[in-house]
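One structure is given below, encoded as structure tokens.
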Amino acid sequence: MGTVTNAARATVLMAMALVLVACAGPLRGMREVPVSQVRTTPPDNQAAIIFLRPSTMGYAIASSVFELRDDGERFIGIVPAKKKLVHHVDAGRQRFMVVSEAADFMDAELETGKTYYALVTPRMGVWKARFSLRPVTAAELDGQQLREWLEACEWIENTEQTLEWARSNSHDIQSKRVEYLRKWEPRSDKPTLQAVDGR
């Protein structure tokens with residue numbers, strides 16, 4: 001009886017701790033920026049992708065986003081809940097990765113001069129929230145939902161602190177890329193931003 005009571009008490013205390021942590025909503029070193037300083041129009045021969053995380057699920061858990069290249073990962077930024085950031089990338093076929101407890105991926109076929117949107121979406125993990133990247137499709141571009149998501153999220157950008165975090169954690173990031181990409185590659189339902197999904 002005492003063991004059950006202690007276990008129940010521990011469960012309640014853990015739940016309370018998670019609630020308190022979830023209220024913290026840390027920026028994880030990223031810096032908020034005014035919209036006037038954000039360049040969403042891509043440079044010549046490039047496209048832009050806006051990564052946004054409108055959900056508050058897993059609020060205290062950081063989700064870091066990367067552009068995958070043959071020579072490694074290019075760190076895009078850490079996307080906390082209710083934040084968004086823009087990334088300029090070469091047009092053509094690209095692949096992106098989001099890392100937390102695990103790693104997940106998204107392919108993209110990008111056209112020069114277009115802006116695309118991808119949601120950083122939380123899902124249940126083993127010990128904490130994991131994340132996936134969900135393309136915003138052409139059918140959603142003019143919808144009320146996307147407007148609400150964009151309005152709910154504030155612009156952020158990297159700082160030297162986040163860039164240093166990416167450098168110092170590069171081995172762990174690379175390990176997760178290798179481990180989880182092996183599982184992701186055989187999927188027939190890979191999330192993909194199509195060229196028509198931009199505007």
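Ligands are numbered from 1 in the order shown, residues from 1 within each chain, and chains are lettered A, B, ... in the order they appear in the structure tokens.
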From the DSSP assignment of the backbone, select every residue of chain A that is helix (DSSP H, G or I), and format the answer as an MDAnalysis selection string. chainID A and resid 2:22 35:37 138:140 144:152 160:168 170:184 195:197
Excluding range 141-154 of chain A and its own-chain neighbours fewer than 2 positions away, which residues fall within 12 Å of it when counting only C-alpha atoms? Please give them as a count of residues only. 40
So which one's closest to Ala166 in chain A, A:Ala195, A:Arg39, A:Val99, A:Gln46? Using only C-alpha atoms, please. A:Val99
Write out as an MDAnalysis selection string all residues of range 39-95 of chain A that DSSP puts in strand (DSSP E) for this structure's backbone. chainID A and resid 46:53 64:69 72:78 83:90 92:95
One decimal, Å: what's the distance from CA of Ala62 in chain A over to CA of Pro43 in chain A, could you say?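 Spanning CA of Ala62 in chain A to CA of Pro43 in chain A is a straight-line distance of 28.8 Å.
Closest approach to Asp172 in chain A from the set A:Ser100, A:Glu67, A:Ile49, A:Thr192 is made by A:Ser100, with distances taken over only C-alpha atoms.
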Interatomic distance (Å, one decimal) between CA of Glu109 in chain A and CA of Asp71 in chain A: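 Rounded to one decimal, the two atoms are 19.6 Å apart.
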Pick the closest to Met57 in chain A from A:Gly77, A:Pro42, A:Pro122, A:Gly72: which is it, counting only C-alpha atoms?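 Ranked by minimum distance to Met57 in chain A, first place goes to A:Pro122.
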For Leu110 in chain A, work out the shell of residues within 6 Å, counting only C-alpha atoms and skipping chain neighbours fewer than 2 positions away, then give it as a list of chain:residue names.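 Near neighbours after the sequence-gap exclusion: A:Ala91, A:Gly92, A:Ala108, A:Ala195.
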Could you turn the residues from that selection into a file that holds C-alpha atoms, as a PDB file, in the first residue's frame?
ATOM      1  CA  ALA A  91      16.601  26.364 -55.349  1.00  0.00           C
ATOM      2  CA  GLY A  92      16.211  22.743 -56.437  1.00  0.00           C
ATOM      3  CA  ALA A 108      11.765  19.883 -50.743  1.00  0.00           C
ATOM      4  CA  ALA A 195       7.579  23.405 -56.015  1.00  0.00           C
TER       5      ALA A 195
END
May I ask for the distance between CA of Ala103 in chain A and CA of Pro186 in chain A, given in Å to one decimal place? 15.2 Å
Distance criterion (only C-alpha atoms): nearest to Gly113 in chain A out of A:Ser175, A:Thr40, A:Ser63, A:Gln94: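 Among the listed residues, A:Thr40 lies closest to Gly113 in chain A.
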Find the spatial neighbours of Gly29 in chain A, counting only C-alpha atoms, within a cut-off of 8 Å - ignore same-chain residues fewer than 5 positions away - and output them as a ChimeraX atom specification. /A:158-159,161-162
